[in-house]
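K.L.:
Sharing a structure below in structure tokens format, with a few things to ask.
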There are 2 protein chains.
Amino acid sequence: MPPALHGPTGRPHRKRLSPDERRHQLLAIGVDRLTTQPLEAISVEDIAAAAGVSPGLVFHYFGTRQGLHLAIVRTARDAMLAATQPDPALPARERLRDVLARFVTFVQQHDATFHSVVRGAASGDPRVRETVQHARDVLTEHTTAVVVDLGAQRTPLVDVAVRAWISLAEQALVDAATDTAIPSAELVAFLERSALAVVAAAAPTTTTPDTPRGPDAV
Amino acid sequence: MPPALHGPTGRPHRKRLSPDERRHQLLAIGVDRLTTQPLEAISVEDIAAAAGVSPGLVFHYFGTRQGLHLAIVRTARDAMLAATQPDPALPARERLRDVLARFVTFVQQHDATFHSVVRGAASGDPRVRETVQHARDVLTEHTTAVVVDLGAQRTPLVDVAVRAWISLAEQALVDAATDTAIPSAELVAFLERSALAVVAAAAPTTTTPDTPRGPDAV
DNA sequence: CCCGTTACTGACGGTGCGTCAACAGGTAGT
DNA sequence: ACTACCTGTTGACGCACCGTCAGTAACGGG
């Protein structure tokens, strides 16, 4: 990326872009910054300086610092969701494995972005949390569709279990996706098995054929 | 809590406390603030005003804003760990259930504190992350001890699985501990079963006696 | 070439972080 | 009690960043 649209520390050259172009440029800089620093550390003035514009312009486009952060995290989130869209043509089990495999690949290639999105879930700004939560909701929906296709019943506890499993998957990906000691295929297989096992643990009365339960429930 | 150590908006009265007392007081205010606002929203000046002292004094005790945050989150974390110390006298399975039951109770009673600690895991400050990670490490150790006692082998993937299960448990607690639609006992039972199931999913070759696996492993 | 639209600037006020020399409350020695 | 020391504590300062707004200049159309 060129440092700016004018000579390096030379004269401003004052280029006038269309709103879409400018917005896109600022967002691209923001997502790039996300690979080296957390969301909260991104300042309006830093983005403005990197784009060669005044801070005021950034406020013109995003309103507030939080507005900027929100737009940045949304961009990163959408990239993640686009990369992990399930293939509706596949049967349930294959679909799950396919999504998990692509997810592992995505995290391996964009681990900094993934980290930032996951960490955004704990942001102080409710709107940022909501944005990340939306990503989780989408993933939860995909996963729930799979387990329902496999014969599980939906209960409140099963919903909790699926959401909780998403967290498990996030943590496992953060831990192991870039860890060479664990092959990707093994990680994918573990995630696949754990998803089914966790749902089975939440729905002990389900009639799935291959999860026999002992009489140890409370 | 008295608003301060002087008359309400009256004259400062300038009480001189011992460093321990003052530090403790500031920390107590900080942990209390944590129940209504996220860590990053806690400002030095707010704490100072609540204690009836100058902002400079807070810097004297904690150095920086981050130092204050770190001390606050450490205090909250220690309270959580203290409440969930396993009872070494119990056998593995009972020990797991006992810890989980007390964990659910703790979250029900201090959900705001728990939220803040969990969210601290995604803080921008590495030291805060490290602090929360330490709590997870302790919980991971307890859990690993249980599953090893139950006959599981330790492999890199099992370690990943246990850490990931901690995230699952955190998420399930955040979701469901204060949800009246799901009885505590059921939640505890789910967490217990899911722990064993996730470890089994990570170590398909283990010889655990009471976790029968169907031929669904990949 | 000029004129209007609007992307963009620059100067300003406010808030919170962090520093430092100086001040004052407590206490020990006489 | 008086004094002198130690140290908990202050208040004023510099700085970075957020957010606002009236004004300016770059592009497109006539």
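Identifiers for the structure tokens are assigned positionally: chains receive A, B, ... in sequence, residues are indexed from 1 per chain, and ligands are indexed from 1 in the order shown.
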Superimpose chain B on chain A so that the squared distances between all in-order C-alpha pairs are minimised, and send the result as an mmCIF file with C-alpha atoms, in the first residue's frame.

P.N.:
data_model
loop_
_atom_site.group_PDB
_atom_site.id
_atom_site.type_symbol
_atom_site.label_atom_id
_atom_site.label_comp_id
_atom_site.auth_asym_id
_atom_site.auth_seq_id
_atom_site.Cartn_x
_atom_site.Cartn_y
_atom_site.Cartn_z
ATOM 1 C CA MET B 1 0.652 0.030 0.057
ATOM 2 C CA PRO B 2 1.787 3.539 -0.932
ATOM 3 C CA PRO B 3 2.241 5.625 2.188
ATOM 4 C CA ALA B 4 -0.243 8.155 0.899
ATOM 5 C CA LEU B 5 -1.469 9.791 -2.221
ATOM 6 C CA HIS B 6 1.175 12.476 -2.286
ATOM 7 C CA GLY B 7 4.943 12.638 -2.270
ATOM 8 C CA PRO B 8 6.611 11.189 0.837
ATOM 9 C CA THR B 9 6.454 14.066 3.316
ATOM 10 C CA GLY B 10 6.222 16.354 0.351
ATOM 11 C CA ARG B 11 3.391 18.755 -0.340
ATOM 12 C CA PRO B 12 -0.136 17.486 0.413
ATOM 13 C CA HIS B 13 -1.188 17.451 -3.250
ATOM 14 C CA ARG B 14 -4.689 17.245 -1.813
ATOM 15 C CA LYS B 15 -6.394 14.490 -3.793
ATOM 16 C CA ARG B 16 -10.157 14.479 -3.701
ATOM 17 C CA LEU B 17 -11.681 10.985 -3.614
ATOM 18 C CA SER B 18 -15.259 9.830 -3.851
ATOM 19 C CA PRO B 19 -16.845 9.014 -0.488
ATOM 20 C CA ASP B 20 -16.832 5.306 -1.296
ATOM 21 C CA GLU B 21 -13.192 5.277 -2.254
ATOM 22 C CA ARG B 22 -12.157 7.256 0.792
ATOM 23 C CA ARG B 23 -14.232 5.161 3.141
ATOM 24 C CA HIS B 24 -12.841 1.992 1.656
ATOM 25 C CA GLN B 25 -9.294 3.280 1.946
ATOM 26 C CA LEU B 26 -9.662 4.245 5.595
ATOM 27 C CA LEU B 27 -11.250 0.909 6.400
ATOM 28 C CA ALA B 28 -8.484 -1.001 4.641
ATOM 29 C CA ILE B 29 -5.911 0.852 6.720
ATOM 30 C CA GLY B 30 -7.895 0.079 9.851
ATOM 31 C CA VAL B 31 -8.154 -3.649 9.172
ATOM 32 C CA ASP B 32 -4.467 -3.693 8.409
ATOM 33 C CA ARG B 33 -3.709 -1.972 11.704
ATOM 34 C CA LEU B 34 -5.754 -4.693 13.378
ATOM 35 C CA THR B 35 -3.054 -7.214 12.559
ATOM 36 C CA THR B 36 -0.524 -5.440 14.751
ATOM 37 C CA GLN B 37 -2.584 -3.788 17.472
ATOM 38 C CA PRO B 38 -5.856 -4.311 19.315
ATOM 39 C CA LEU B 39 -8.956 -2.427 18.274
ATOM 40 C CA GLU B 40 -8.938 -0.047 21.230
ATOM 41 C CA ALA B 41 -5.401 1.036 20.420
ATOM 42 C CA ILE B 42 -6.411 2.292 16.999
ATOM 43 C CA SER B 43 -6.595 6.066 17.153
ATOM 44 C CA VAL B 44 -8.357 8.340 14.724
ATOM 45 C CA GLU B 45 -5.254 10.400 14.263
ATOM 46 C CA ASP B 46 -3.170 7.388 13.373
ATOM 47 C CA ILE B 47 -5.571 6.313 10.655
ATOM 48 C CA ALA B 48 -5.808 9.856 9.369
ATOM 49 C CA ALA B 49 -2.036 10.243 9.231
ATOM 50 C CA ALA B 50 -1.649 6.911 7.421
ATOM 51 C CA ALA B 51 -4.167 8.009 4.815
ATOM 52 C CA GLY B 52 -2.591 11.434 4.507
ATOM 53 C CA VAL B 53 -5.745 13.273 5.537
ATOM 54 C CA SER B 54 -6.812 15.318 8.511
ATOM 55 C CA PRO B 55 -8.378 13.697 11.586
ATOM 56 C CA GLY B 56 -11.485 15.736 11.005
ATOM 57 C CA LEU B 57 -12.177 13.843 7.814
ATOM 58 C CA VAL B 58 -12.201 10.529 9.634
ATOM 59 C CA PHE B 59 -14.801 11.933 11.982
ATOM 60 C CA HIS B 60 -16.760 13.098 8.973
ATOM 61 C CA TYR B 61 -16.960 9.515 7.719
ATOM 62 C CA PHE B 62 -17.337 7.570 10.949
ATOM 63 C CA GLY B 63 -18.704 10.081 13.397
ATOM 64 C CA THR B 64 -16.815 8.928 16.429
ATOM 65 C CA ARG B 65 -13.857 6.842 17.374
ATOM 66 C CA GLN B 66 -16.254 4.051 18.255
ATOM 67 C CA GLY B 67 -17.931 4.425 14.901
ATOM 68 C CA LEU B 68 -14.571 3.874 13.241
ATOM 69 C CA HIS B 69 -13.891 0.830 15.389
ATOM 70 C CA LEU B 70 -17.296 -0.565 14.639
ATOM 71 C CA ALA B 71 -16.819 -0.221 10.888
ATOM 72 C CA ILE B 72 -13.390 -1.838 11.085
ATOM 73 C CA VAL B 73 -14.563 -4.819 13.095
ATOM 74 C CA ARG B 74 -17.556 -5.262 10.818
ATOM 75 C CA THR B 75 -15.271 -5.424 7.815
ATOM 76 C CA ALA B 76 -13.056 -8.008 9.472
ATOM 77 C CA ARG B 77 -16.056 -10.010 10.616
ATOM 78 C CA ASP B 78 -17.607 -10.102 7.162
ATOM 79 C CA ALA B 79 -14.378 -11.421 5.719
ATOM 80 C CA MET B 80 -14.439 -14.207 8.275
ATOM 81 C CA LEU B 81 -18.056 -15.116 7.664
ATOM 82 C CA ALA B 82 -17.582 -15.090 3.930
ATOM 83 C CA ALA B 83 -14.732 -17.568 4.256
ATOM 84 C CA THR B 84 -16.766 -19.969 6.340
ATOM 85 C CA GLN B 85 -20.065 -20.115 4.556
ATOM 86 C CA PRO B 86 -21.393 -23.667 4.641
ATOM 87 C CA ASP B 87 -22.025 -25.548 1.425
ATOM 88 C CA PRO B 88 -25.753 -26.397 1.487
ATOM 89 C CA ALA B 89 -25.285 -29.195 -1.013
ATOM 90 C CA LEU B 90 -23.380 -31.326 1.472
ATOM 91 C CA PRO B 91 -25.057 -33.664 3.961
ATOM 92 C CA ALA B 92 -24.985 -32.562 7.596
ATOM 93 C CA ARG B 93 -21.916 -34.341 8.824
ATOM 94 C CA GLU B 94 -19.813 -33.496 5.760
ATOM 95 C CA ARG B 95 -21.021 -29.922 5.914
ATOM 96 C CA LEU B 96 -19.818 -29.582 9.488
ATOM 97 C CA ARG B 97 -16.424 -30.993 8.662
ATOM 98 C CA ASP B 98 -16.104 -28.846 5.565
ATOM 99 C CA VAL B 99 -16.873 -25.658 7.458
ATOM 100 C CA LEU B 100 -14.484 -26.574 10.248
ATOM 101 C CA ALA B 101 -11.693 -27.361 7.820
ATOM 102 C CA ARG B 102 -12.128 -24.038 6.058
ATOM 103 C CA PHE B 103 -12.294 -22.293 9.410
ATOM 104 C CA VAL B 104 -8.976 -23.774 10.460
ATOM 105 C CA THR B 105 -7.458 -22.673 7.177
ATOM 106 C CA PHE B 106 -8.825 -19.165 7.581
ATOM 107 C CA VAL B 107 -7.399 -18.817 11.066
ATOM 108 C CA GLN B 108 -4.051 -20.130 9.920
ATOM 109 C CA GLN B 109 -3.934 -17.490 7.221
ATOM 110 C CA HIS B 110 -5.502 -14.588 9.104
ATOM 111 C CA ASP B 111 -4.874 -15.357 12.731
ATOM 112 C CA ALA B 112 -4.337 -11.719 13.687
ATOM 113 C CA THR B 113 -7.666 -10.730 12.186
ATOM 114 C CA PHE B 114 -9.370 -13.670 13.836
ATOM 115 C CA HIS B 115 -7.878 -12.769 17.189
ATOM 116 C CA SER B 116 -9.117 -9.236 16.870
ATOM 117 C CA VAL B 117 -12.624 -10.300 15.994
ATOM 118 C CA VAL B 118 -12.809 -12.813 18.832
ATOM 119 C CA ARG B 119 -11.410 -10.275 21.242
ATOM 120 C CA GLY B 120 -13.942 -7.769 20.035
ATOM 121 C CA ALA B 121 -16.543 -9.944 21.715
ATOM 122 C CA ALA B 122 -15.326 -8.515 24.991
ATOM 123 C CA SER B 123 -15.093 -4.936 23.815
ATOM 124 C CA GLY B 124 -16.353 -2.197 26.039
ATOM 125 C CA ASP B 125 -18.529 -0.884 23.249
ATOM 126 C CA PRO B 126 -21.891 -2.669 23.137
ATOM 127 C CA ARG B 127 -22.188 -2.194 19.393
ATOM 128 C CA VAL B 128 -18.879 -3.886 18.762
ATOM 129 C CA ARG B 129 -19.933 -6.739 21.007
ATOM 130 C CA GLU B 130 -23.181 -6.965 19.123
ATOM 131 C CA THR B 131 -21.312 -7.088 15.835
ATOM 132 C CA VAL B 132 -19.141 -9.972 16.955
ATOM 133 C CA GLN B 133 -22.113 -11.634 18.569
ATOM 134 C CA HIS B 134 -23.795 -11.576 15.198
ATOM 135 C CA ALA B 135 -20.932 -13.585 13.762
ATOM 136 C CA ARG B 136 -21.323 -16.087 16.572
ATOM 137 C CA ASP B 137 -25.050 -16.226 15.964
ATOM 138 C CA VAL B 138 -24.436 -17.105 12.337
ATOM 139 C CA LEU B 139 -21.990 -19.822 13.274
ATOM 140 C CA THR B 140 -24.383 -21.037 15.958
ATOM 141 C CA GLU B 141 -27.141 -21.257 13.406
ATOM 142 C CA HIS B 142 -25.015 -23.298 11.028
ATOM 143 C CA THR B 143 -24.044 -25.637 13.816
ATOM 144 C CA THR B 144 -27.564 -25.982 15.153
ATOM 145 C CA ALA B 145 -28.788 -26.821 11.675
ATOM 146 C CA VAL B 146 -26.243 -29.615 11.510
ATOM 147 C CA VAL B 147 -27.091 -31.162 14.841
ATOM 148 C CA VAL B 148 -30.805 -30.908 14.164
ATOM 149 C CA ASP B 149 -30.226 -32.634 10.839
ATOM 150 C CA LEU B 150 -28.472 -35.335 12.804
ATOM 151 C CA GLY B 151 -31.542 -35.855 14.954
ATOM 152 C CA ALA B 152 -31.019 -33.688 18.038
ATOM 153 C CA GLN B 153 -33.931 -31.883 19.645
ATOM 154 C CA ARG B 154 -33.760 -28.160 20.297
ATOM 155 C CA THR B 155 -34.086 -27.297 23.960
ATOM 156 C CA PRO B 156 -32.938 -24.173 25.818
ATOM 157 C CA LEU B 157 -29.991 -26.118 27.135
ATOM 158 C CA VAL B 158 -29.035 -27.324 23.680
ATOM 159 C CA ASP B 159 -28.984 -23.739 22.489
ATOM 160 C CA VAL B 160 -26.717 -22.830 25.371
ATOM 161 C CA ALA B 161 -24.568 -25.829 24.553
ATOM 162 C CA VAL B 162 -24.130 -24.885 20.908
ATOM 163 C CA ARG B 163 -23.231 -21.295 21.748
ATOM 164 C CA ALA B 164 -20.807 -22.526 24.365
ATOM 165 C CA TRP B 165 -19.287 -24.939 21.872
ATOM 166 C CA ILE B 166 -18.645 -21.996 19.549
ATOM 167 C CA SER B 167 -16.533 -20.500 22.325
ATOM 168 C CA LEU B 168 -14.753 -23.795 22.700
ATOM 169 C CA ALA B 169 -13.995 -23.833 18.999
ATOM 170 C CA GLU B 170 -12.752 -20.259 19.078
ATOM 171 C CA GLN B 171 -10.425 -21.011 21.941
ATOM 172 C CA ALA B 172 -9.145 -24.205 20.335
ATOM 173 C CA LEU B 173 -8.492 -22.335 17.099
ATOM 174 C CA VAL B 174 -6.671 -19.537 18.862
ATOM 175 C CA ASP B 175 -4.587 -22.087 20.726
ATOM 176 C CA ALA B 176 -3.859 -24.644 18.117
ATOM 177 C CA ALA B 177 -4.468 -23.449 14.574
ATOM 178 C CA THR B 178 -0.943 -22.105 14.246
ATOM 179 C CA ASP B 179 0.584 -24.766 16.473
ATOM 180 C CA THR B 180 2.637 -27.130 14.370
ATOM 181 C CA ALA B 181 2.545 -29.793 17.078
ATOM 182 C CA ILE B 182 -1.086 -30.465 16.214
ATOM 183 C CA PRO B 183 -1.892 -31.315 12.577
ATOM 184 C CA SER B 184 -4.825 -29.457 11.068
ATOM 185 C CA ALA B 185 -6.663 -32.665 10.295
ATOM 186 C CA GLU B 186 -6.482 -33.757 13.906
ATOM 187 C CA LEU B 187 -7.763 -30.396 15.063
ATOM 188 C CA VAL B 188 -10.652 -30.531 12.629
ATOM 189 C CA ALA B 189 -11.492 -34.037 13.754
ATOM 190 C CA PHE B 190 -11.425 -33.004 17.400
ATOM 191 C CA LEU B 191 -13.712 -30.049 16.753
ATOM 192 C CA GLU B 192 -16.135 -32.239 14.839
ATOM 193 C CA ARG B 193 -16.290 -34.888 17.549
ATOM 194 C CA SER B 194 -16.508 -32.354 20.357
ATOM 195 C CA ALA B 195 -19.454 -30.599 18.728
ATOM 196 C CA LEU B 196 -21.470 -33.792 18.648
ATOM 197 C CA ALA B 197 -20.327 -34.784 22.124
ATOM 198 C CA VAL B 198 -21.247 -31.450 23.684
ATOM 199 C CA VAL B 199 -24.689 -31.487 22.144
ATOM 200 C CA ALA B 200 -25.148 -35.046 23.336
ATOM 201 C CA ALA B 201 -24.152 -33.908 26.821
ATOM 202 C CA ALA B 202 -26.848 -31.270 26.704
ATOM 203 C CA ALA B 203 -29.567 -33.542 25.338
ATOM 204 C CA PRO B 204 -29.087 -36.917 27.026
ATOM 205 C CA THR B 205 -32.521 -38.102 25.926
ATOM 206 C CA THR B 206 -31.925 -37.562 22.227
ATOM 207 C CA THR B 207 -32.161 -40.484 19.834
ATOM 208 C CA THR B 208 -29.208 -39.687 17.596
ATOM 209 C CA PRO B 209 -28.224 -42.872 15.803
ATOM 210 C CA ASP B 210 -24.441 -42.615 15.847
ATOM 211 C CA THR B 211 -23.543 -41.108 19.192
ATOM 212 C CA PRO B 212 -23.738 -44.025 21.587
ATOM 213 C CA ARG B 213 -23.843 -42.859 25.165
ATOM 214 C CA GLY B 214 -22.554 -44.897 28.032
ATOM 215 C CA PRO B 215 -24.578 -45.031 31.231
ATOM 216 C CA ASP B 216 -22.537 -42.178 32.652
ATOM 217 C CA ALA B 217 -25.243 -39.547 32.404
ATOM 218 C CA VAL B 218 -26.304 -38.124 35.722
#

K.L.:
What are the closest atom pairs, with distances in Å to one decimal, for each residue of chain D lying within 8 Å of segment 3-26 of chain C, using only C-alpha atoms (C1' of nucleotides), rows by chain and rising residue number, as CSV?

P.N.:
residue,atom,partner,partner_atom,distance
D:DT10,C1',C:DC23,C1',7.2
D:DT24,C1',C:DT9,C1',7.3
D:DA26,C1',C:DA7,C1',7.9

K.L.:
Grab the residues selected above and save them as a compact mmCIF listing (two decimals), in the first residue's frame with N, CA, C and O atoms (P, O5', C5', C4', C3', O3' and C1' of nucleotides).

P.N.:
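As a result, out13.txt now contains:
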# COMPACT_ATOMS: atom_id res chain seq x y z
P DT D 10 -5.02 13.90 48.38
O5' DT D 10 -4.42 15.29 47.88
C5' DT D 10 -4.34 16.37 48.79
C4' DT D 10 -3.46 17.46 48.22
C3' DT D 10 -4.00 18.12 46.94
O3' DT D 10 -4.19 19.50 47.17
C1' DT D 10 -1.69 17.55 46.70
P DT D 24 -12.11 31.28 4.31
O5' DT D 24 -11.40 30.12 3.48
C5' DT D 24 -10.51 29.24 4.15
C4' DT D 24 -10.23 28.03 3.28
C3' DT D 24 -10.07 28.35 1.79
O3' DT D 24 -8.97 27.61 1.31
C1' DT D 24 -11.64 26.64 2.07
P DA D 26 -6.80 23.01 -4.19
O5' DA D 26 -7.33 21.71 -4.98
C5' DA D 26 -7.56 20.51 -4.25
C4' DA D 26 -8.86 19.88 -4.69
C3' DA D 26 -8.96 19.55 -6.19
O3' DA D 26 -9.36 18.21 -6.34
C1' DA D 26 -10.88 20.71 -5.45

K.L.:
Residues of chain D no more than 10 Å from chain B, counting only C-alpha atoms (C1' of nucleotides): send them over as number ranges by chain.

P.N.:
D: 8-11

K.L.:
Using all heavy atoms, can you export the residues from the last selection as a PDB file, in the first residue's frame?

P.N.:
ATOM      1  P    DG D   8       4.028   6.452  52.651  1.00  0.00           P
ATOM      2  OP1  DG D   8       4.255   5.467  53.723  1.00  0.00           O
ATOM      3  OP2  DG D   8       4.445   6.166  51.280  1.00  0.00           O
ATOM      4  O5'  DG D   8       2.481   6.877  52.623  1.00  0.00           O
ATOM      5  C5'  DG D   8       1.839   7.195  53.843  1.00  0.00           C
ATOM      6  C4'  DG D   8       0.900   8.377  53.665  1.00  0.00           C
ATOM      7  O4'  DG D   8       1.662   9.602  53.513  1.00  0.00           O
ATOM      8  C3'  DG D   8      -0.026   8.314  52.458  1.00  0.00           C
ATOM      9  O3'  DG D   8      -1.291   8.861  52.835  1.00  0.00           O
ATOM     10  C2'  DG D   8       0.672   9.184  51.417  1.00  0.00           C
ATOM     11  C1'  DG D   8       1.312  10.251  52.291  1.00  0.00           C
ATOM     12  N9   DG D   8       2.533  10.852  51.745  1.00  0.00           N
ATOM     13  C8   DG D   8       3.614  10.198  51.215  1.00  0.00           C
ATOM     14  N7   DG D   8       4.561  11.014  50.818  1.00  0.00           N
ATOM     15  C5   DG D   8       4.069  12.283  51.106  1.00  0.00           C
ATOM     16  C6   DG D   8       4.647  13.566  50.887  1.00  0.00           C
ATOM     17  O6   DG D   8       5.739  13.837  50.402  1.00  0.00           O
ATOM     18  N1   DG D   8       3.796  14.578  51.319  1.00  0.00           N
ATOM     19  C2   DG D   8       2.565  14.391  51.884  1.00  0.00           C
ATOM     20  N2   DG D   8       1.897  15.485  52.233  1.00  0.00           N
ATOM     21  N3   DG D   8       2.016  13.204  52.090  1.00  0.00           N
ATOM     22  C4   DG D   8       2.813  12.195  51.667  1.00  0.00           C
ATOM     23  P    DT D   9      -2.565   8.878  51.846  1.00  0.00           P
ATOM     24  OP1  DT D   9      -3.791   8.947  52.667  1.00  0.00           O
ATOM     25  OP2  DT D   9      -2.364   7.782  50.884  1.00  0.00           O
ATOM     26  O5'  DT D   9      -2.430  10.263  51.095  1.00  0.00           O
ATOM     27  C5'  DT D   9      -2.599  11.470  51.828  1.00  0.00           C
ATOM     28  C4'  DT D   9      -2.292  12.671  50.977  1.00  0.00           C
ATOM     29  O4'  DT D   9      -0.882  12.714  50.656  1.00  0.00           O
ATOM     30  C3'  DT D   9      -2.998  12.725  49.622  1.00  0.00           C
ATOM     31  O3'  DT D   9      -4.087  13.628  49.702  1.00  0.00           O
ATOM     32  C2'  DT D   9      -1.913  13.211  48.648  1.00  0.00           C
ATOM     33  C1'  DT D   9      -0.751  13.573  49.554  1.00  0.00           C
ATOM     34  N1   DT D   9       0.599  13.373  48.942  1.00  0.00           N
ATOM     35  C2   DT D   9       1.370  14.472  48.640  1.00  0.00           C
ATOM     36  O2   DT D   9       1.019  15.607  48.855  1.00  0.00           O
ATOM     37  N3   DT D   9       2.588  14.185  48.069  1.00  0.00           N
ATOM     38  C4   DT D   9       3.090  12.935  47.773  1.00  0.00           C
ATOM     39  O4   DT D   9       4.190  12.797  47.255  1.00  0.00           O
ATOM     40  C5   DT D   9       2.231  11.823  48.098  1.00  0.00           C
ATOM     41  C7   DT D   9       2.666  10.412  47.804  1.00  0.00           C
ATOM     42  C6   DT D   9       1.040  12.095  48.665  1.00  0.00           C
ATOM     43  P    DT D  10      -5.016  13.901  48.382  1.00  0.00           P
ATOM     44  OP1  DT D  10      -6.398  14.150  48.844  1.00  0.00           O
ATOM     45  OP2  DT D  10      -4.750  12.878  47.360  1.00  0.00           O
ATOM     46  O5'  DT D  10      -4.415  15.288  47.881  1.00  0.00           O
ATOM     47  C5'  DT D  10      -4.336  16.366  48.787  1.00  0.00           C
ATOM     48  C4'  DT D  10      -3.459  17.461  48.220  1.00  0.00           C
ATOM     49  O4'  DT D  10      -2.160  16.920  47.878  1.00  0.00           O
ATOM     50  C3'  DT D  10      -4.005  18.116  46.943  1.00  0.00           C
ATOM     51  O3'  DT D  10      -4.193  19.498  47.173  1.00  0.00           O
ATOM     52  C2'  DT D  10      -2.936  17.820  45.877  1.00  0.00           C
ATOM     53  C1'  DT D  10      -1.692  17.551  46.705  1.00  0.00           C
ATOM     54  N1   DT D  10      -0.708  16.638  46.088  1.00  0.00           N
ATOM     55  C2   DT D  10       0.524  17.120  45.708  1.00  0.00           C
ATOM     56  O2   DT D  10       0.846  18.281  45.836  1.00  0.00           O
ATOM     57  N3   DT D  10       1.367  16.182  45.172  1.00  0.00           N
ATOM     58  C4   DT D  10       1.113  14.839  44.987  1.00  0.00           C
ATOM     59  O4   DT D  10       1.946  14.086  44.497  1.00  0.00           O
ATOM     60  C5   DT D  10      -0.196  14.399  45.406  1.00  0.00           C
ATOM     61  C7   DT D  10      -0.590  12.945  45.258  1.00  0.00           C
ATOM     62  C6   DT D  10      -1.038  15.298  45.930  1.00  0.00           C
ATOM     63  P    DG D  11      -5.474  20.216  46.470  1.00  0.00           P
ATOM     64  OP1  DG D  11      -6.044  21.128  47.471  1.00  0.00           O
ATOM     65  OP2  DG D  11      -6.335  19.233  45.787  1.00  0.00           O
ATOM     66  O5'  DG D  11      -4.769  21.110  45.344  1.00  0.00           O
ATOM     67  C5'  DG D  11      -3.637  21.877  45.700  1.00  0.00           C
ATOM     68  C4'  DG D  11      -2.847  22.220  44.461  1.00  0.00           C
ATOM     69  O4'  DG D  11      -2.016  21.073  44.086  1.00  0.00           O
ATOM     70  C3'  DG D  11      -3.681  22.539  43.224  1.00  0.00           C
ATOM     71  O3'  DG D  11      -3.031  23.573  42.506  1.00  0.00           O
ATOM     72  C2'  DG D  11      -3.635  21.225  42.432  1.00  0.00           C
ATOM     73  C1'  DG D  11      -2.203  20.785  42.719  1.00  0.00           C
ATOM     74  N9   DG D  11      -1.949  19.373  42.514  1.00  0.00           N
ATOM     75  C8   DG D  11      -2.858  18.341  42.568  1.00  0.00           C
ATOM     76  N7   DG D  11      -2.326  17.181  42.351  1.00  0.00           N
ATOM     77  C5   DG D  11      -0.983  17.445  42.140  1.00  0.00           C
ATOM     78  C6   DG D  11       0.089  16.578  41.861  1.00  0.00           C
ATOM     79  O6   DG D  11       0.079  15.347  41.739  1.00  0.00           O
ATOM     80  N1   DG D  11       1.308  17.261  41.729  1.00  0.00           N
ATOM     81  C2   DG D  11       1.432  18.632  41.846  1.00  0.00           C
ATOM     82  N2   DG D  11       2.661  19.117  41.683  1.00  0.00           N
ATOM     83  N3   DG D  11       0.439  19.460  42.107  1.00  0.00           N
ATOM     84  C4   DG D  11      -0.742  18.801  42.243  1.00  0.00           C
TER      85       DG D  11
END

K.L.:
How would you write, as JSON, numbers by chain, the set of residues in segment 45-141 of chain A that DSSP gives as helix (DSSP H, G or I)?

P.N.:
{"A": [45, 46, 47, 48, 49, 50, 51, 55, 56, 57, 58, 59, 60, 61, 62, 65, 66, 67, 68, 69, 70, 71, 72, 73, 74, 75, 76, 77, 78, 79, 80, 81, 82, 83, 92, 93, 94, 95, 96, 97, 98, 99, 100, 101, 102, 103, 104, 105, 106, 107, 108, 109, 111, 112, 113, 114, 115, 116, 117, 118, 119, 120, 126, 127, 128, 129, 130, 131, 132, 133, 134, 135, 136, 137, 138, 139, 140, 141]}
